[in-house]
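J.: Encoded as structure tokens, here's the structure I'll be asking about.
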Amino acid sequence: MAVPLRAQPTPKPAPFVRGANAEAGAGPPTVVLLALDGVRWEDVFLGVEADLAEEQGLAPGEVLSARELMPNLHALIETTGTALGAPERGHGVFVAGPEPFSLPGYLELLTSRKDTGCTTNGCAPTTLPTLADDFRAQSGPDDVAVISSWEGIERASARDPSAIIVSTGRSRGSNLDRLRYDPQAAALLDAGAKSGPTPGHGDFRRDKQTAEIALRYLAVRKPHFLFLGLGETDEYAHRDDYRGYLKALQHGDAVIGRVLETLHDLRREGRRTTLFVTTDHGRAAEFIRHGGDAPESARVWLVAAGHGIAARGLAATEAARTLVDLSQTIRHVGDLPPRGGGTPLVELLEDEAARVATR
């Protein structure tokens with residue numbers, strides 16, 4: 001028997017206080033990039049799609065508003081964050097490349113380039129430097145981690161994955177021993193390795209286990225850069241299971257709330273903390289698919305808050321924006337040198353001088 005979809009409780013205001021990051025001064029950055037695989041902008045900004053819900057047998061009470069579906073994300077947008085990609089708010093945000101698949105999308109996001117040479121999920125490991133490589137160049141061996149449910153992200157993680165911590169899927173990655181930094185951390189890694197792949201396949205690790213590994217690493221090891229990829233939304237969508245997709249989306253929102261709590265604690269310790277939430281691609285109009293034969297699946301969305309980010313709520317894009325532009329924004333906020341293409345998203349930036357400098 002299916003468990004009904006229920007509105008999530010309204011959270012406390014997101015713990016980014018406008019101007020609070022200025023108090024952190026020149027402290028080390030902590031940038032978290034959280035990707036929810038294959039999540040449509042419609043569900044994020046409009047809530048549960050009534051026609052699709054009826055088609056799949058959801059009750060009228062399960063047709064939730066966007067805020068009921070993702071209360072932590074919307075509390076962030078409404079208080080101290082900025083969202084791009086909402087309907088009728090400018091020109092939209094898109095995957096830059098011609099094929100809106102997962103690996104090309106993650107490569108755009110991590111390499112800051114449109115022309116990655118990858119158009120399928122079967123590409124070889126990247127030879128291009130990524131955000132993880134460049135954060136690692138200015139930090140220590142435990143300061144950069146890429147942790148994801150889908151094992152394929154390993155191929156987009158870094159030009160030199162041996163220099164960072166990578167845990168993708170149940171068993172893939174590099175320097176996995178560094179995720180055994182205490183008995184509890186080792187137990188979380190082992191639990192993830194034992195979890196079955198459903199709703200995914202192959203070496204896929206369930207989102208719950210992936211999130212627990214990443215959340216504890218963020219709180220205890222305090223990395224300068226953490227990429228967290230949750231994948232069950234895309235897996236349920238490919239199964240044409242809208243209820244499963246929505247429940248995975250609600251779990252992703254709960255993870256956003258826990259990330260915010262941890263970043264709040266780190267900021268109180270003097271760190272400059274920033275959170276970016278986005279997706280690698282959208283979905284076809286019929287929900288199940290995505291790819292070049294469904295151009296609407298190239299449309300994506302993003303939300304950001306924290307150090308260097310303005311509080312503009314649902315903001316309009318000044319032009320058509322891409323994941324490459326988001327990657328350049330992460331570089332700007334994280335004090336990394338520009339690399340690749342695109343320009344920082346001036347719509348997100350708080351400092352007017354920085355906005356002018358990026359034009």
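Just remember, in the structure tokens the first chain shown is A, the second B, etc., residues are 1-based per chain, and ligands are 1-based in the order shown.
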Write out as a list in words each polymer residue whose atoms come within 10 Å of Pro337 (chain A), counting only C-alpha atoms; drop sequence neighbours fewer than 2 positions from it.

T.: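 The residues satisfying every condition are Asp134, Phe135, Gln328, Arg331, His332, Gly334, Asp335 and Arg339 of chain A.
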
J.: Within 7 Å of Ala96 (chain A), counting only C-alpha atoms, which residues show up once you throw out same-chain ones fewer than 6 positions away? Write them as a PyMOL selection string, please.

T.: chain A and resi 114+322-324

J.: Would you kindly return, as a list in words, each protein, DNA or RNA residue with an atom no farther than 8 Å from any atom of Gly340 (chain A), considering only C-alpha atoms and excluding same-chain residues fewer than 3 positions away?

T.: Thr111, Ser112 and Arg113 of chain A

J.: Restricting the output to C-alpha atoms, write the selected residues as a PDB file, in the first residue's frame.

T.:
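New file again_39.pdb:
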```pdb
ATOM      1  CA  THR A 111      34.374  21.975 -15.228  1.00  0.00           C
ATOM      2  CA  SER A 112      32.861  25.419 -15.931  1.00  0.00           C
ATOM      3  CA  ARG A 113      32.806  24.574 -19.636  1.00  0.00           C
TER       4      ARG A 113
END
```

J.: Which of these residues is nearest to Ala319 (chain A), using only C-alpha atoms: A:Gly85, A:Pro183, A:Gly306, A:Gly105?

T.: A:Gly85

J.: List the neighbours of Leu5 (chain A) out to 10 Å using only C-alpha atoms; skip same-chain residues closer than 6 positions along the sequence, and give me the result as a compact mmCIF listing (two decimals) with C-alpha atoms, in the first residue's frame.

T.:
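Output saved as around26.txt:
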```txt
# COMPACT_ATOMS: atom_id res chain seq x y z
CA LEU A 58 -2.51 10.33 -6.14
CA ALA A 59 -5.34 11.62 -3.98
CA GLY A 61 -4.86 15.87 -0.77
CA GLU A 62 -1.47 14.82 -2.18
CA VAL A 63 -1.42 17.71 -4.66
CA LEU A 64 0.86 19.96 -2.61
CA LEU A 69 6.49 20.04 -1.02
CA ARG A 243 4.83 9.52 -6.07
CA GLY A 244 8.29 8.00 -5.58
CA LEU A 246 7.99 13.41 -5.06
CA LYS A 247 8.97 11.53 -1.92
CA GLN A 250 10.89 15.74 -0.11
```

J.: Please give the complete set of residues from region 40-227 of chain A that DSSP, run on the backbone, assigns to alpha helix (DSSP H), formatted as number ranges by chain.

T.: A: 41-46, 50-55, 66-69, 71-79, 102-111, 131-137, 154-157, 183-194, 207-221

J.: For each of A:Gly97, A:Pro223, A:Gly229, A:Gly196, take the minimum atom-to-atom distance to Pro29 (chain A), counting only C-alpha atoms, then give the residue where this is smallest.

T.: A:Pro223

J.: Quick one: everything within 10 Å of Ala294 (chain A), counting only C-alpha atoms, minus sequence neighbours fewer than 3 positions away in the same chain. Send it as a list in words.

T.: Glu99, Pro100, Gly282, Arg283, Ala284, Ala285, Glu286, Arg289, His290, Gly291, Ser297 and Ala298 of chain A

J.: Save out the residues we just selected, N, CA and C atoms, as a PDB file, in the first residue's frame.

T.:
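Output below, filename result-v7.pdb:
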```pdb
ATOM      1  N   GLU A  99      22.902  17.973 -25.232  1.00  0.00           N
ATOM      2  CA  GLU A  99      22.245  16.764 -24.749  1.00  0.00           C
ATOM      3  C   GLU A  99      22.028  16.846 -23.239  1.00  0.00           C
ATOM      4  N   PRO A 100      20.796  17.090 -22.788  1.00  0.00           N
ATOM      5  CA  PRO A 100      20.529  17.163 -21.354  1.00  0.00           C
ATOM      6  C   PRO A 100      20.470  15.785 -20.692  1.00  0.00           C
ATOM      7  N   GLY A 282      16.515  18.857 -16.712  1.00  0.00           N
ATOM      8  CA  GLY A 282      15.099  18.787 -16.403  1.00  0.00           C
ATOM      9  C   GLY A 282      14.497  17.510 -16.951  1.00  0.00           C
ATOM     10  N   ARG A 283      13.217  17.590 -17.353  1.00  0.00           N
ATOM     11  CA  ARG A 283      12.535  16.400 -17.847  1.00  0.00           C
ATOM     12  C   ARG A 283      11.676  16.755 -19.051  1.00  0.00           C
ATOM     13  N   ALA A 284      11.365  15.734 -19.853  1.00  0.00           N
ATOM     14  CA  ALA A 284      10.448  15.908 -20.972  1.00  0.00           C
ATOM     15  C   ALA A 284       9.054  16.237 -20.448  1.00  0.00           C
ATOM     16  N   ALA A 285       8.210  16.763 -21.321  1.00  0.00           N
ATOM     17  CA  ALA A 285       6.853  17.130 -20.924  1.00  0.00           C
ATOM     18  C   ALA A 285       6.085  15.930 -20.385  1.00  0.00           C
ATOM     19  N   GLU A 286       6.404  14.721 -20.880  1.00  0.00           N
ATOM     20  CA  GLU A 286       5.719  13.524 -20.384  1.00  0.00           C
ATOM     21  C   GLU A 286       6.343  12.952 -19.130  1.00  0.00           C
ATOM     22  N   ARG A 289      11.239  10.961 -19.553  1.00  0.00           N
ATOM     23  CA  ARG A 289      12.491  11.032 -20.288  1.00  0.00           C
ATOM     24  C   ARG A 289      13.197  12.378 -20.113  1.00  0.00           C
ATOM     25  N   HIS A 290      14.378  12.458 -20.687  1.00  0.00           N
ATOM     26  CA  HIS A 290      15.095  13.712 -20.897  1.00  0.00           C
ATOM     27  C   HIS A 290      16.133  13.452 -21.981  1.00  0.00           C
ATOM     28  N   GLY A 291      16.557  14.490 -22.662  1.00  0.00           N
ATOM     29  CA  GLY A 291      17.548  14.329 -23.723  1.00  0.00           C
ATOM     30  C   GLY A 291      17.312  15.304 -24.856  1.00  0.00           C
ATOM     31  N   SER A 297      13.611  19.549 -21.672  1.00  0.00           N
ATOM     32  CA  SER A 297      14.346  18.973 -20.544  1.00  0.00           C
ATOM     33  C   SER A 297      15.686  19.649 -20.310  1.00  0.00           C
ATOM     34  N   ALA A 298      16.052  20.599 -21.174  1.00  0.00           N
ATOM     35  CA  ALA A 298      17.282  21.373 -20.949  1.00  0.00           C
ATOM     36  C   ALA A 298      17.082  22.496 -19.950  1.00  0.00           C
TER      37      ALA A 298
END
```

J.: So that I can check the secondary structure, give me every residue of region 36-274 of chain A assigned strand (DSSP E or B) by backbone DSSP, as a list in words.

T.: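 In region 36-274 of chain A, DSSP puts these residues in strand (DSSP E or B): Leu36, Gly81, Thr82, Ala83, Leu84, Gly90, Val93, Phe94, Val144, Ala145, Val146, Ile147, Ser148, Ile165, Val166, Ser167, Thr168, Arg172, Gly173, Ser174, Phe225, Leu226, Phe227, Leu228, Gly229, Leu230, Arg272, Thr273 and Thr274 of chain A.
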
J.: Return the single residue from A:Gly152, A:Gly81, A:Gly117, A:Pro338 that is closest to Ala310 (chain A), with distances computed using only C-alpha atoms.

T.: A:Gly81

J.: Of the candidates A:Leu266, A:Ala187, A:Val333, A:Ala315, which shows the shortest atom-to-atom distance to Arg89 (chain A), using only C-alpha atoms?

T.: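 Selected residue with least distance to Arg89 (chain A): A:Ala315.
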